[in-house]
Every structure is written in structure tokens, then in C-alpha cells.
Number of protein chains: 4
Amino acid sequence: MNNTAVLLSSSPVAMARKGAMAAITQFLVAHNGSVLHADDHIDAGRELFLSRLEWDLDGFDIPVAEFEQQFKAVADAYRIKYHLALSEYRPRVAILVSSQDHCLADLLYRHSSGELRCDVVTVVGSHPAAGRLAEFYGVPFHLLSDPQNKRASEQQITHLLGQDVDLIVLARYMQILSPEVVGHYLLRLINIHHSFLPAFVGANPYHRAFERGVKLIGATSHYVTADLDEGPIIEQDIVRVSHRDTIEDMMRKGRDLGKVVLSRAVRWHLENRVLVYQNKTVVFA
Amino acid sequence: MNNTAVLLSSSPVAMARKGAMAAITQFLVAHNGSVLHADDHIDAGRELFLSRLEWDLDGFDIPVAEFEQQFKAVADAYRIKYHLALSEYRPRVAILVSSQDHCLADLLYRHSSGELRCDVVTVVGSHPAAGRLAEFYGVPFHLLSDPQNKRASEQQITHLLGQDVDLIVLARYMQILSPEVVGHYLLRLINIHHSFLPAFVGANPYHRAFERGVKLIGATSHYVTADLDEGPIIEQDIVRVSHRDTIEDMMRKGRDLGKVVLSRAVRWHLENRVLVYQNKTVVFA
Amino acid sequence: MNNTAVLLSSSPVAMARKGAMAAITQFLVAHNGSVLHADDHIDAGRELFLSRLEWDLDGFDIPVAEFEQQFKAVADAYRIKYHLALSEYRPRVAILVSSQDHCLADLLYRHSSGELRCDVVTVVGSHPAAGRLAEFYGVPFHLLSDPQNKRASEQQITHLLGQDVDLIVLARYMQILSPEVVGHYLLRLINIHHSFLPAFVGANPYHRAFERGVKLIGATSHYVTADLDEGPIIEQDIVRVSHRDTIEDMMRKGRDLGKVVLSRAVRWHLENRVLVYQNKTVVFA
Amino acid sequence: MNNTAVLLSSSPVAMARKGAMAAITQFLVAHNGSVLHADDHIDAGRELFLSRLEWDLDGFDIPVAEFEQQFKAVADAYRIKYHLALSEYRPRVAILVSSQDHCLADLLYRHSSGELRCDVVTVVGSHPAAGRLAEFYGVPFHLLSDPQNKRASEQQITHLLGQDVDLIVLARYMQILSPEVVGHYLLRLINIHHSFLPAFVGANPYHRAFERGVKLIGATSHYVTADLDEGPIIEQDIVRVSHRDTIEDMMRKGRDLGKVVLSRAVRWHLENRVLVYQNKTVVFA
């Protein structure tokens, strides 16, 4: 595993046409940074140029602390907004969960096997069963004192997590967070919804899918915003169902979908592959 | 290809438990009908037993014209509602189309290659281009005189088709039929909608999918009812999209989806594999 | 969950045409067994009629111990071979595993959440790490004393499992079993192979897939026979890859595939949905 | 549609690390070429840096005829091999076909609807039926005089096509071309094979898939090389089958797969998105 840096950036298309990408890569090469991956995208309608550059820090002659200052000339010249992330930094991740703990079990196993480059610092659950899983994987577990009391639960969560958390995964938390909490952790909250959004927003998607007689069911992982199930979508997938599938079968199939879809979204986020703008995502996967 | 009969039937679950299926197969065997395929389904919530039986008419000793009378005792005893269809009958199919003729081209090619067991008796289009395709495949074509005038168009269509049509395929007809026309041809109208319903009901689904930033787009084939895009779903499928896909790319991918999804639905309908009840379908595929 | 019986049966097509299915259902109904699910299939080339019938034992007036005797007349008349299984019986399952324990973790979680109707009686592993997982889920674990010694390992396995086991799942066991062991547990051994068989039979399928430049990778679950990777296939699935995927990425994607494909095969086997004949399976799913 | 240029290039990874990409983009920007799309890939094992750059020729101040000369300094400095393609050039495409004309019908329809940016200059077929389709779409058709005579057919084909053809699509041509013809048109021959290669290389893949009892069937589009079905894969896809599918059903499903897979490969080739190296492809899609 290399010691790398990732630059996620955006600039107006007009600037991109004047050579924003060339200027950035030129800057990196001039400082002995060898580019490992480059990917970009132009959103023509929104006139935005978006890119992800990953380079080897081995030999790169600018200390990270001075990057902003040294890069300023380029950023200003091309009106580049950017986010710099380092592979050596291990994001601090919290997981919120209910009694439905299949996504939790999946994420903790993946983490333990090295698939997710982060530290899982805490699991907060509304049900004690999740505590056993957390304990097995060596992660501190906190039980919500009064899960039915939304206000108290949110206070407990924000108190526990503070600001020192990079990502909060709602691994079937099954509660709608208040706008205050969402605002507090904006773009740091990833949820899994068990339908192919925008179909079946809200509660009981499988029951409604069953009633509607759909031939596919889905799962969607998205950043949480103040509008329920309306945040930027990171990943979706579906599985085929037929008249033979009961609601219980749909739920079972949906659990498999949810695990895969959520874990992809979390991994891409942790690897700094997701760029959000105007309620959409670019996933440089 | 055998000369076969298909019996699509439904009965209350309580009757099924008393042996409805055994009674039907016993009846067929007693009359020297050898069963080729049997499939059934219990909808526990609605307490319905649904089945499809296909048997070889070669040697079957009841003339079709007398089936109803001879089967009456069994049907009454088990409260069986049924529909009998014969493979030798070639359903009469009409296709309605706009300037978007990819589904038309696809259906006509499939028909010409023997994939669809029916007679395509007419194509009605709002645009002359479809006429060339129809002519090539030897199907009469009728151009709507005044496509913008919905009332006149519907009168022209019902006049052309009359009641002597078994199926009307809306192959991207792009007009909402009035409840009168829908009622006239109930369960004989199959539409293709270019989204995974119930997401993006109505107009411009790809534009809305693009705006929403979904990672999958879909297509849905369904029977038309008076409620727009709310009829019983026969088939759905999806294809993956990413930020790289423009709306034009989505449309291109959507055309491929639409052709496959619509043709599956039409084929299943023609092979008497679809049983509709309470706005859902059982597809005995 | 009902207390049910499942009859998996096969008979010559000629007998089926004379009413084998009707005779069986008639027999069940006559003894007050209400059929919950019926599914059948004719393999025209092999002239075989195959079926699965599931009925409610509540009210069924034949004690299971007497089923064979009472059903004999029907079975003889129509030359029916059959296997009777009871839902109340919980199959005894053993899992063999190597250091690659993702399938094990997945199966144990599914079992603990009630998805797999069986008793996992033992886990045998070539690596101690699997022991922690087994312990967490309350399943006895046995470490192979000398994993490099194939003969010794097989003796240890057969000694541990004896004949009192209904299914042995090779959850990435990574060793080829000798024909003796395979013969000992015929049709009771389910393996997961990480390719879409028959592509990439044998070792290192991902490396070979990478070299060949395929655009899809797969996983296959099959019964084990004496011919390596040639046994009857129960389930397969694939995932898309591109030039961006390294072998490590393929392995990660393959783990997700493997878990889902293996667990489906195991569940179908446990629910008596799989009928094997002439190296193929019918899965009544 | 813009008037654009595409540069497909490769260079040693060591050169890429010294800034090959930056140098190229710098060169383009310096000559007023605004980059529309950039994509690249490092094949670590083979130490190759591969990229695709597309830029707007509107305003680009180097005439195409002088590109090579002016770009030479950059190409030499970074040991860049490249291929330059212009969107205004319409590739000349020939299609070879047998009596199985579904891919031909599909390609001609797509071409007529503007999906494929090329001129279809000729269709050569072993069966007269394809001639009607070609005529309908206004493409010259040539019937092979003696389809059973492979040598004569190849002479007729090379005589008809000469060297003035950019791509030859084997749209179910069903004959193995001799190494001479393959060598003559190297990397200009795209074939569709009806299996997920490398499974079922050679003849009758569906029959063999049926015998093996696979649960998925596939299609593969690839460049033709002297080794049968061993050329660089461009695209693959699969569809699910079950025991209910006869060989005829597999063939029908396979036709749908084949059309989509082949048309994707052809489109990507025509849009200069495919880079071949060492029997693999990078598809910058």
C-alpha cells in the first residue's frame, strides 16, 4: 500500500478549458509527485469540471502542511475548489444500528479483514444484541438509554460522537435524524435505504413493493440531507423478484443487497472517490 | 410445436386445499390429455390459488367447443374461474407507435423470425417513418390523420381496430389513452414505460432520473389501466448508469432496455403465461 | 412456519402422461394433506418428469413412518422414485474452511439470524482464526492437526463427522477432497468455486481471469463429485469488472459473490428444493 | 456534435511518472485545444501507462496534417506511442453475416437511427435473406457465390473489401476465418461469440451449456486473432437461465444478449474508446 495523496477538485468548465488539469498535473510533476490515477468529468449542464488525482507521496517535495500555500497560485488562477486527503490518515467511523444488525455484522467483518481503510471508533445501538457483535470485533458499544425518545437519543449520539468523527454510517438505524443532527454532520452521514430510490421513499418499502407487484427490488446508499431519502445517491443495486417471493423473501434478498450496496458506498467514501455537488455524486470508482 | 391447450385458473385457497389441482389434472388425464407443464401459486394474503396447466390436445377426447360444458362439474365443485387458450389460435395484435420506432422495429423483426406466435394485423403511427418498417415486414400501416388531436386519434384507432383485436402494444406511442379507450380494451393494452416504476411516473423519466442522480435506470412493461403508469406490472429490468452518462446515453441505454422488456411481456402474454389479479401479475415463465 | 412435508420425485415421462402428478396429489388430498406448493418439470431429452410437492402435515392422516408403505401402490403404478423430507427435521450441517473465512462468517451470521433451517454441528478449519468466529456463534470448532497432510486431514474430518451429517459445506476449504471422501458423502458436499464454471476450472481462477482480460467474473456453487469442478451446478452469479480492477479488486468482488452464491445454494438444498439427475440440477426455487 | 480529436496513447510507466500526461495536456492547451474528456489507466504488472484524451478541434491551432510533426518532441521525450482519430472521419464498416441475421438487423437499425457513427459500406452474406434487410437500409449486399467453399468465400470477401475498410463486423458469420484473412485485417475484425468466454470456446456453445447445466449463459464480443475465440475481449454480458429453459430458449435469450454485446463493442470501437495491448483491452467508456 502506497503512501498517497488524493486531490478531489472542481472548477468552472471555462477554466478547465484553459488547462486547469494540465496545470495541476504540471504542479505535481514539478514537485516530484508521480500520478498514480487521474480521472475527471465534465458536467456540461452545470458547467463544472470535476477531477480526482491520486499521487505517490514518496519523493513528493512539498510537506503536506505547506500544500495549501504552495498550491494557491494554481488554485487561484483556475478557480479550483479542492479537498486534499491522505491515505495514511485513517478516518474515524461510527456506526448507528437498530435490532437489524446484518449491515453492522457485514461492515465489522469487512473492517476486520482489511477491506475498509478506517478506524471504527464506536457503535451506537438501540438494541443490546448489536453489542455482542461490536464486542467480538473489539469496538466500543453504546446502548441508547431510551431509544423511543428521539430527542434524548440524538443528544446521546452527538454527545458520544462529538465532532471528532469523519463518517457516521446509518447501518439500518431505522430512525429519521432531526435536521439539527443532519446539519451537524453534513456529508458525513451515509444511509442505506431498502428500495431503489426515488421509488418507495419512507417507511415499509418492501411492503409497498409487494403491494405494487414490482419485479425488481432495490437498495440505495446515499448521503443524508434534511429531506428524507432525497440526499445524493452514492450507489444502488437491485435483485429480481417474482410472484413466488413473499415479503419475507423480499426482506431476505434485500438484506443481501443492502450489505453490498452500503459497503460499496462506505468504501468509496473512505477512499475519497466520491465528489458531491448539487445533490448528485460523481463516484471515481 | 405441439397443438396444446392452456388453462389459466384461480380458485379460493380453501378449495385448492380440498384438491382443486388434483381434480383438474384428474379430469384432463381421464380425457386422455397429457399434461406438458403445470405451475401454480398460492397468494396467501389474498387467499387465492392460481395455476397454469398446459396439455397436449393430441388424443384429448373432448372437442374444444364442449370443454366448458364437460368441465363445469369440476369448476363448480371447486369454484374455479378459468380462461382456456389454444396454441393453434394466433392472437391478432396491433401496434401503436410514435416517431420513436425502435420497439416497433424490434417487435416486427422478432415476429418475422418466429419468436412471437401471433398475427400482427396493423400498425398505427403518428409519424410516417414507421410506415416504411411496417411495409418492409408486410404489415398494413395507418397514419394518424391529426396526431395532436387526441380525441380524433382515438376515434381513428378504435375505428381501425374495432373489437377484433386481442392485444394492442403501445410501442412508445407516447400518448395517454383516455379512460374510455382503456376500458374498451381492458387487459389487452400493454405499454412500455422507460423507468423502473413506481419511480418516475409520467413524462420525461430520463431527465428526472438524470436530475436525481440515480445509478440505475429502468424500463417497465405493464397493462394499461385508467391510472397513469399504475397498471399491473408484467416485467421490469434495469441497466447501470454513472455520472459519465448524459441524458442521451441514458436514452440509448433505455432503448435497449425497452426493447427487451416489452418483447418479453408481449411474448409471455401471447403464450398465456400472465395471470392478472388485483393489479398484480403472476407470470408463469 | 408450518409443519410440512416435501416430496421430490421423478418418473418416466410416459408415466407422467398417464397421470402421475394427478395420482400423487389425489393421494395426498385423499389423506387430508393440503398442498402448499407444487412445481414440476419435464426434461424432454431425458424423458424424465420431475416434481416437488409440499403439503401441510397438519391434518394429514398418514403417520410419516407409514408413508412409504401406503404410497407404494402409487409409486409402483407410475414408476416414481422419490425422496420425502420433513420441515421439522433440522439437517445437521458441517462447514469446512481455510484461512479465508468470509463465507464462514456469512453462513454463521445467516444461521444465527434464522435464515438457514439447520443445525450447524461443527466447523473444521485449517487455520485457528476461524475458531474465534465459530466460538462467537456457539459452534464447536476443530482445528486440523496437520493441514498440509491431506490424508491425515481427511481421516480427521471423516472421523469427526462420521455418517451423522446431512450436509458438508466447503466454505473456501481450498483443498481437493479425495474420491473416497467424495464417495462417502455423495450429494452431501456443496462447494463454492470462484469462477463462472466451466470457465477457469481449478486453481487461481482470478489470476487467469485477469490475464484473459474478461469483463465479468463469477462464482459457482455445485455439488462435489470425483471430477474437479465438474459436479452438478446449483447456482452461479457474476459481477462486472473492468481494466481498472486489479486482481485484489477481483478477489474482493469475488468474496461478495461467493457469499451470496454459496448461501443461496445451501438454503435451497436445506429447503429440499434441489433435485439432481445426470449431473444437472433442477432448482425448484 | 463537436468536431473533436481523440488521442489514444501508451507509454512506459516510468515516463508517465515523469509527467507524460501533463506534457500532453500542456501541449494541447498551448495550442488552444480544450480537453473534453481525459481518462487514463496504469497497468502496473505490464508497466504501461494508457490514456485517452478527447479535445475540441474548434480553435485548435495545429492542422491535423501537421500534428505528428509538431507533437514529435513530446512523443519522443516520453516515449509515447499513439493513435490519432478525428470525429469528422466516418469509418467505413463492412458486415459479414450468415442466415442468422438478428445482429445484422440490429446493427442496421442502430446505424439508421444515428447510434453508430460510421458508414456501413457493404454487407456480405452466405444467405440471400440478409439481402432484403441490407436493401431496406440502403446498403449494398453481396451474396457469397459458394458459401461452403471457404477459400473461395475468403477470396471473394477480400476482393470486395480490399484495404479500404476500417472495420469488419462478424455479425454471426459462423465461419472461422483463415489466419491470412485475420492477419490482413488485424484489429479490424470484431466477432460475437455466444458464450461467456473462455467457457465454451468453439462450436455449439448453447448445446454444451445446456448439457453442463449452467445457470447463466453469456455472449462475448472480441477482436479476432489467429487463435479461435482467444482474441482480446471488448465486452461480455450474461443472462440467467434455469432448468425450464430449453436449448431453443437459450438461443432466443442469446440472440438478445448478442445484439447488445456486439453493438456496444462496435460503438466503443467506432468512438475510439478501445485500446488493445497484449491480448487485453482497455475500454475508456
# chains A, B, ... in the order shown; residues from 1 in each chain; ligands from 1
>>> interface_residues(of="chain C", to="chain B", cutoff="9 Å", atoms="only C-alpha atoms", output="MDAnalysis selection string")
chainID C and resid 16:19 21:26 28:30 32:42
>>> write_last_selection(atoms="N, CA, C and O atoms", output="mmCIF file, in the first residue's frame")
data_model
loop_
_atom_site.group_PDB
_atom_site.id
_atom_site.type_symbol
_atom_site.label_atom_id
_atom_site.label_comp_id
_atom_site.auth_asym_id
_atom_site.auth_seq_id
_atom_site.Cartn_x
_atom_site.Cartn_y
_atom_site.Cartn_z
ATOM 1 N N ALA C 16 -45.762 -39.981 -16.476
ATOM 2 C CA ALA C 16 -46.312 -38.672 -16.145
ATOM 3 C C ALA C 16 -47.520 -38.383 -17.024
ATOM 4 O O ALA C 16 -48.530 -37.842 -16.565
ATOM 5 N N ARG C 17 -47.429 -38.774 -18.275
ATOM 6 C CA ARG C 17 -48.531 -38.503 -19.194
ATOM 7 C C ARG C 17 -49.768 -39.316 -18.835
ATOM 8 O O ARG C 17 -50.874 -38.952 -19.159
ATOM 9 N N LYS C 18 -49.533 -40.421 -18.181
ATOM 10 C CA LYS C 18 -50.682 -41.217 -17.748
ATOM 11 C C LYS C 18 -51.251 -40.711 -16.428
ATOM 12 O O LYS C 18 -52.154 -41.338 -15.860
ATOM 13 N N GLY C 19 -50.665 -39.621 -15.893
ATOM 14 C CA GLY C 19 -51.305 -39.030 -14.727
ATOM 15 C C GLY C 19 -50.571 -39.195 -13.408
ATOM 16 O O GLY C 19 -51.194 -39.175 -12.348
ATOM 17 N N MET C 21 -48.746 -37.108 -11.724
ATOM 18 C CA MET C 21 -48.934 -35.963 -10.847
ATOM 19 C C MET C 21 -50.334 -35.966 -10.240
ATOM 20 O O MET C 21 -50.504 -35.724 -9.044
ATOM 21 N N ALA C 22 -51.322 -36.245 -11.077
ATOM 22 C CA ALA C 22 -52.703 -36.293 -10.567
ATOM 23 C C ALA C 22 -52.835 -37.374 -9.502
ATOM 24 O O ALA C 22 -53.484 -37.168 -8.474
ATOM 25 N N ALA C 23 -52.197 -38.511 -9.739
ATOM 26 C CA ALA C 23 -52.285 -39.611 -8.779
ATOM 27 C C ALA C 23 -51.655 -39.230 -7.447
ATOM 28 O O ALA C 23 -52.194 -39.544 -6.370
ATOM 29 N N ILE C 24 -50.515 -38.557 -7.508
ATOM 30 C CA ILE C 24 -49.864 -38.151 -6.254
ATOM 31 C C ILE C 24 -50.722 -37.143 -5.498
ATOM 32 O O ILE C 24 -50.987 -37.289 -4.307
ATOM 33 N N THR C 25 -51.178 -36.106 -6.200
ATOM 34 C CA THR C 25 -51.974 -35.091 -5.499
ATOM 35 C C THR C 25 -53.276 -35.699 -4.996
ATOM 36 O O THR C 25 -53.734 -35.390 -3.893
ATOM 37 N N GLN C 26 -53.859 -36.583 -5.803
ATOM 38 C CA GLN C 26 -55.078 -37.267 -5.363
ATOM 39 C C GLN C 26 -54.820 -38.042 -4.073
ATOM 40 O O GLN C 26 -55.610 -37.971 -3.136
ATOM 41 N N LEU C 28 -52.544 -37.441 -1.816
ATOM 42 C CA LEU C 28 -52.360 -36.507 -0.695
ATOM 43 C C LEU C 28 -53.702 -35.953 -0.227
ATOM 44 O O LEU C 28 -53.991 -35.909 0.971
ATOM 45 N N VAL C 29 -54.518 -35.526 -1.191
ATOM 46 C CA VAL C 29 -55.819 -34.953 -0.835
ATOM 47 C C VAL C 29 -56.678 -35.991 -0.130
ATOM 48 O O VAL C 29 -57.350 -35.683 0.869
ATOM 49 N N ALA C 30 -56.657 -37.223 -0.634
ATOM 50 C CA ALA C 30 -57.463 -38.288 -0.032
ATOM 51 C C ALA C 30 -57.085 -38.509 1.429
ATOM 52 O O ALA C 30 -57.913 -38.937 2.236
ATOM 53 N N ASN C 32 -56.096 -36.083 3.322
ATOM 54 C CA ASN C 32 -56.277 -34.819 4.032
ATOM 55 C C ASN C 32 -54.992 -33.972 4.102
ATOM 56 O O ASN C 32 -54.794 -33.182 5.029
ATOM 57 N N GLY C 33 -54.140 -34.146 3.123
ATOM 58 C CA GLY C 33 -52.934 -33.298 3.061
ATOM 59 C C GLY C 33 -53.196 -32.135 2.134
ATOM 60 O O GLY C 33 -53.522 -32.339 0.968
ATOM 61 N N SER C 34 -53.082 -30.918 2.634
ATOM 62 C CA SER C 34 -53.379 -29.807 1.724
ATOM 63 C C SER C 34 -52.069 -29.301 1.112
ATOM 64 O O SER C 34 -51.133 -28.928 1.807
ATOM 65 N N VAL C 35 -52.037 -29.328 -0.211
ATOM 66 C CA VAL C 35 -50.822 -28.979 -0.957
ATOM 67 C C VAL C 35 -50.567 -27.477 -0.870
ATOM 68 O O VAL C 35 -51.449 -26.661 -1.162
ATOM 69 N N LEU C 36 -49.362 -27.110 -0.454
ATOM 70 C CA LEU C 36 -48.995 -25.696 -0.339
ATOM 71 C C LEU C 36 -48.285 -25.217 -1.602
ATOM 72 O O LEU C 36 -48.481 -24.098 -2.047
ATOM 73 N N HIS C 37 -47.413 -26.044 -2.137
ATOM 74 C CA HIS C 37 -46.667 -25.677 -3.336
ATOM 75 C C HIS C 37 -46.515 -26.897 -4.217
ATOM 76 O O HIS C 37 -46.206 -27.971 -3.719
ATOM 77 N N ALA C 38 -46.707 -26.699 -5.506
ATOM 78 C CA ALA C 38 -46.447 -27.767 -6.466
ATOM 79 C C ALA C 38 -45.638 -27.169 -7.596
ATOM 80 O O ALA C 38 -45.896 -26.058 -8.049
ATOM 81 N N ASP C 39 -44.636 -27.870 -8.003
ATOM 82 C CA ASP C 39 -43.814 -27.391 -9.114
ATOM 83 C C ASP C 39 -43.331 -28.634 -9.834
ATOM 84 O O ASP C 39 -43.067 -29.666 -9.225
ATOM 85 N N ASP C 40 -43.255 -28.563 -11.152
ATOM 86 C CA ASP C 40 -42.753 -29.729 -11.851
ATOM 87 C C ASP C 40 -41.991 -29.318 -13.089
ATOM 88 O O ASP C 40 -41.946 -28.138 -13.460
ATOM 89 N N HIS C 41 -41.369 -30.277 -13.705
ATOM 90 C CA HIS C 41 -40.545 -30.004 -14.876
ATOM 91 C C HIS C 41 -40.404 -31.274 -15.688
ATOM 92 O O HIS C 41 -40.210 -32.352 -15.136
ATOM 93 N N ILE C 42 -40.514 -31.118 -16.984
ATOM 94 C CA ILE C 42 -40.256 -32.248 -17.876
ATOM 95 C C ILE C 42 -38.946 -32.013 -18.608
ATOM 96 O O ILE C 42 -38.768 -30.969 -19.235
#
>>> closest_atom_pairs(of="segment 127-210 of chain C", to="segment 258-266 of chain C", cutoff="8 Å", atoms="only C-alpha atoms", output="JSON lines")
{"residue": "C:Val169", "atom": "CA", "partner": "C:Val266", "partner_atom": "CA", "distance": 7.8}
{"residue": "C:Ala171", "atom": "CA", "partner": "C:Leu262", "partner_atom": "CA", "distance": 7.9}
{"residue": "C:Ile190", "atom": "CA", "partner": "C:Val266", "partner_atom": "CA", "distance": 7.4}
{"residue": "C:Asn191", "atom": "CA", "partner": "C:Leu262", "partner_atom": "CA", "distance": 7.6}
{"residue": "C:Ile192", "atom": "CA", "partner": "C:Leu262", "partner_atom": "CA", "distance": 5.9}
{"residue": "C:His193", "atom": "CA", "partner": "C:Gly258", "partner_atom": "CA", "distance": 7.7}
{"residue": "C:His194", "atom": "CA", "partner": "C:Gly258", "partner_atom": "CA", "distance": 6.6}
>>> closest_residue(among="A:Asn204, A:Ala226, A:Phe196, A:Ile168", to="Val239 of chain A", atoms="only C-alpha atoms")
A:Phe196
>>> select_by_dssp(residues="segment 19-187 of chain C", states="helix (DSSP H, G or I)", output="PyMOL selection string")
chain C and resi 20-30+64-77+102-112+129-136+150-161+179-184
>>> select_by_dssp(residues="segment 181-265 of chain D", states="strand (DSSP E or B)", output="MDAnalysis selection string")
chainID D and resid 189:193 216:223 233:240
>>> atom_distance(atom1="atom CA of Glu235 of chain D", atom2="atom CA of Asp245 of chain B")
17.7 Å
>>> residues_around(residues="Arg132 of chain D", least_positions_apart="4", cutoff="12 Å", atoms="only C-alpha atoms", output="count of residues only")
19
>>> residues_around(residues="Glu211 of chain A", least_positions_apart="3", cutoff="8 Å", atoms="only C-alpha atoms", output="JSON, numbers by chain")
{"A": [207, 208], "B": [280]}
